[in-house]
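Contents: one structure, followed by commentary.
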Amino acid sequence: MSNVGFLVVDKPAGITSHDVVATVRAITGIRKVGHTGTLDPFATGVLPVAIGRCTRLIQFLDEHCKVYEATISLGASTDTGDPTGEVTGEASVPPLDLEAVRAVLDGFVGTRMQRPPAYSAVKVRGKRLYKYAREGNPVQAEPRPVRIDAVELTSLEEKALQVRITCGRGTYARVLAEEIAVELGTIGHLSALRRAGSGPFTIDRSIDFRALSQLVAGRDDWEASLRPQRGMERVPWAPRDQVWASLEPWLCSPAEVLGHLPIVNLSAPQLDLLRRKGAPPPSPADVELGGYFVAVEDGALVAVLRRETEGTKVARMFAVG
């Protein structure tokens, strides 16, 4: 096994995305590990983790399409827009008609302006918004365009609704939840969030922490096995070679996750030129100037290439041997 790939982790609630990265580093022994997009600690679901040389490919991923399963609680707002915040307001909830709710949700589809929430990592004057908010001096960022492809109602209760959101990167589900509540004639907040998809990474390809703990320690109580508290007795782990062999079926290959890019299958002479002299093949005709494409050998990624005015340039060599 090459000790590289993308591992789609089903993040549990209560830990940070960085905690997930630290856990993958620990169980694999690989220092180069990074996630491709943060999930809030209260949120669960798809967190793609790049391992080894795959960290060098994160910039070329297409994760512009996100899918979330969200619960919107009505009648109360919080300062963070999610369940971790303090309640800042309460209001009555009018009777909710199924078709009227669906009409409201349909009204959010399309490109719209959205202001990042006060508790977010967006920077204003070189400082992240959540730092201003924690200091008691919240600052507003300028609204920015976001893309909403669909907001589907999956469940409706007296004071809550569950929706499936398909949207573009950079959309804040917390803000969307608050806006939906206002359109329904009340106030609200995002009370639960699960990411079901991020570009090529989907929940059906993910491994949760219970399964990960079983692979590593032979038991599924992951809090004790993978993230023991200080002073707790450490649970024995399987040898790393065994862990890697168990993880292999869960890994997404580099060529697979870059499947949105045009592909050139290298001939033996082209592969030799690329490896020995760094001479890339010409780009496919449908690649625009400045666009990327990939070179593969027998389905394995060799390089990410870029079409430029003076010809093809190597953007990132991946496999050189």
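Labeling convention for the structure tokens: chains A, B, ... as they appear, residues from 1 per chain, ligands from 1 in order of appearance.
Look at A:Val122: the protein and nucleic acid residues within 12 Å of it, using only C-alpha atoms and passing over chain neighbours fewer than 3 places away, are Arg115, Pro116, Pro117, Ala118, Tyr119, Arg125, Gly126, Lys127, Arg128, Leu129, Tyr130, Lys131, Tyr132, Ala133, Val139, Gln140, Ala141, Glu142, Pro143, Arg144, Gly170 and Tyr172 of chain A.
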* Name the residues of stretch 196-296 of chain A that come out as strand (DSSP E or B) in a backbone DSSP run; write them as a count of residues only. => 17
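The protein and nucleic acid residues lying at most 10 Å from stretch 77-81 of chain A are A:Glu86, A:Val87, A:Thr88, A:Gly89, A:Glu90, A:Ala91, A:Pro117, A:Ala118, A:Tyr119, A:Ser120, A:Tyr130, A:Ala133, A:Ala173, A:Arg174, A:Val175, A:Leu176, A:Ala177, A:Glu178, A:Ala181, A:Thr186, A:Ile187, A:Gly188, A:His189, A:Leu190, A:Ser191, with only C-alpha atoms considered and sequence neighbours fewer than 5 positions away removed.
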* Asked: Using only C-alpha atoms, which residues sit within 9 Å of stretch 44-48 of chain A once same-chain residues fewer than 3 positions away are excluded, as JSON, numbers by chain?
  -> {"A": [6, 7, 8, 9, 10, 11, 12, 13, 14, 17, 20, 34, 35, 36, 37, 38, 39, 40, 41, 68, 192, 193, 194, 195, 196, 197, 198, 201, 202, 203, 206, 208]}
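Straight-line separation from atom CA of A:Glu256 to atom CA of A:Glu63: 13.4 Å.
Candidate residues A:Asp149, A:Asp298, A:Asp286, A:Glu179 were compared for distance to A:Ser267, and the nearest is A:Asp298, using only C-alpha atoms.
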* Can you list, as number ranges by chain, every protein, DNA or RNA residue that comes within 9 Å of A:Val314 when you count only C-alpha atoms, leaving out same-chain residues fewer than 3 positions away? -> A: 278-280, 303-307, 317
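The interatomic distance for the pair atom CA of A:Gly136 and atom CA of A:Val93 works out to 29.5 Å.
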* Asked: Can you list, as number ranges by chain, every protein, DNA or RNA residue that comes within 12 Å of stretch 217-230 of chain A when you count only C-alpha atoms, leaving out same-chain residues fewer than 4 positions away?
  -> A: 11-15, 19-27, 208-213, 234-240, 242-243, 246
Selection export as an mmCIF file, in the first residue's frame, atoms kept: N, CA and C atoms:
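Output file out-v7.cif is given in full below:
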```cif
data_model
loop_
_atom_site.group_PDB
_atom_site.id
_atom_site.type_symbol
_atom_site.label_atom_id
_atom_site.label_comp_id
_atom_site.auth_asym_id
_atom_site.auth_seq_id
_atom_site.Cartn_x
_atom_site.Cartn_y
_atom_site.Cartn_z
ATOM 1 N N LYS A 11 -17.612 12.568 10.667
ATOM 2 C CA LYS A 11 -17.233 13.216 11.925
ATOM 3 C C LYS A 11 -18.368 13.146 12.942
ATOM 4 N N PRO A 12 -18.062 12.729 14.172
ATOM 5 C CA PRO A 12 -19.090 12.754 15.211
ATOM 6 C C PRO A 12 -19.245 14.158 15.786
ATOM 7 N N ALA A 13 -20.350 14.397 16.456
ATOM 8 C CA ALA A 13 -20.549 15.680 17.130
ATOM 9 C C ALA A 13 -19.633 15.769 18.348
ATOM 10 N N GLY A 14 -19.257 16.991 18.694
ATOM 11 C CA GLY A 14 -18.507 17.210 19.924
ATOM 12 C C GLY A 14 -17.016 17.310 19.775
ATOM 13 N N ILE A 15 -16.482 17.053 18.576
ATOM 14 C CA ILE A 15 -15.051 17.222 18.368
ATOM 15 C C ILE A 15 -14.837 18.124 17.159
ATOM 16 N N ASP A 19 -9.392 17.842 15.499
ATOM 17 C CA ASP A 19 -9.321 16.614 16.301
ATOM 18 C C ASP A 19 -9.327 15.382 15.400
ATOM 19 N N VAL A 20 -10.132 15.432 14.340
ATOM 20 C CA VAL A 20 -10.184 14.316 13.395
ATOM 21 C C VAL A 20 -8.831 14.132 12.723
ATOM 22 N N VAL A 21 -8.242 15.246 12.273
ATOM 23 C CA VAL A 21 -6.930 15.186 11.635
ATOM 24 C C VAL A 21 -5.896 14.605 12.598
ATOM 25 N N ALA A 22 -5.917 15.061 13.849
ATOM 26 C CA ALA A 22 -4.952 14.565 14.844
ATOM 27 C C ALA A 22 -5.124 13.068 15.072
ATOM 28 N N THR A 23 -6.364 12.594 15.062
ATOM 29 C CA THR A 23 -6.621 11.168 15.258
ATOM 30 C C THR A 23 -6.082 10.353 14.083
ATOM 31 N N VAL A 24 -6.320 10.828 12.857
ATOM 32 C CA VAL A 24 -5.820 10.109 11.677
ATOM 33 C C VAL A 24 -4.301 10.097 11.670
ATOM 34 N N ARG A 25 -3.676 11.201 12.051
ATOM 35 C CA ARG A 25 -2.212 11.223 12.163
ATOM 36 C C ARG A 25 -1.727 10.163 13.145
ATOM 37 N N ALA A 26 -2.390 10.082 14.288
ATOM 38 C CA ALA A 26 -1.953 9.162 15.333
ATOM 39 C C ALA A 26 -2.073 7.710 14.908
ATOM 40 N N ILE A 27 -3.193 7.352 14.275
ATOM 41 C CA ILE A 27 -3.403 5.932 13.968
ATOM 42 C C ILE A 27 -2.605 5.484 12.743
ATOM 43 N N ASP A 208 -17.116 5.944 10.075
ATOM 44 C CA ASP A 208 -17.355 6.694 11.307
ATOM 45 C C ASP A 208 -16.338 6.298 12.377
ATOM 46 N N PHE A 209 -16.351 7.006 13.492
ATOM 47 C CA PHE A 209 -15.351 6.773 14.529
ATOM 48 C C PHE A 209 -15.532 5.437 15.234
ATOM 49 N N ARG A 210 -16.756 4.920 15.265
ATOM 50 C CA ARG A 210 -16.958 3.603 15.863
ATOM 51 C C ARG A 210 -16.260 2.536 15.032
ATOM 52 N N ALA A 211 -16.426 2.607 13.703
ATOM 53 C CA ALA A 211 -15.767 1.641 12.821
ATOM 54 C C ALA A 211 -14.263 1.846 12.828
ATOM 55 N N LEU A 212 -13.838 3.097 12.878
ATOM 56 C CA LEU A 212 -12.404 3.384 12.919
ATOM 57 C C LEU A 212 -11.770 2.811 14.193
ATOM 58 N N SER A 213 -12.476 2.969 15.297
ATOM 59 C CA SER A 213 -11.989 2.419 16.562
ATOM 60 C C SER A 213 -11.911 0.896 16.515
ATOM 61 N N ARG A 234 -4.275 3.785 28.426
ATOM 62 C CA ARG A 234 -4.307 3.771 26.967
ATOM 63 C C ARG A 234 -4.705 2.392 26.447
ATOM 64 N N VAL A 235 -5.625 2.389 25.492
ATOM 65 C CA VAL A 235 -6.081 1.144 24.875
ATOM 66 C C VAL A 235 -5.043 0.710 23.832
ATOM 67 N N PRO A 236 -4.627 -0.554 23.833
ATOM 68 C CA PRO A 236 -3.653 -1.019 22.828
ATOM 69 C C PRO A 236 -4.208 -0.900 21.410
ATOM 70 N N TRP A 237 -3.350 -0.495 20.493
ATOM 71 C CA TRP A 237 -3.727 -0.366 19.082
ATOM 72 C C TRP A 237 -3.061 -1.462 18.263
ATOM 73 N N ALA A 238 -3.673 -1.807 17.164
ATOM 74 C CA ALA A 238 -3.085 -2.769 16.237
ATOM 75 C C ALA A 238 -1.854 -2.160 15.581
ATOM 76 N N PRO A 239 -0.919 -2.981 15.081
ATOM 77 C CA PRO A 239 0.243 -2.443 14.360
ATOM 78 C C PRO A 239 -0.197 -1.586 13.182
ATOM 79 N N ARG A 240 0.579 -0.579 12.876
ATOM 80 C CA ARG A 240 0.168 0.364 11.835
ATOM 81 C C ARG A 240 0.035 -0.284 10.467
ATOM 82 N N GLN A 242 -1.111 -3.187 9.894
ATOM 83 C CA GLN A 242 -2.425 -3.820 9.925
ATOM 84 C C GLN A 242 -3.530 -2.762 9.792
ATOM 85 N N VAL A 243 -3.335 -1.620 10.455
ATOM 86 C CA VAL A 243 -4.315 -0.531 10.365
ATOM 87 C C VAL A 243 -4.428 -0.047 8.926
ATOM 88 N N SER A 246 -6.365 -2.381 6.790
ATOM 89 C CA SER A 246 -7.794 -2.309 7.082
ATOM 90 C C SER A 246 -8.422 -1.048 6.510
#
```
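Ranking A:Lys277, A:Arg102, A:Lys123, A:His64 by their shortest atom-to-atom distance to A:His260, with only C-alpha atoms included, puts A:His64 first.
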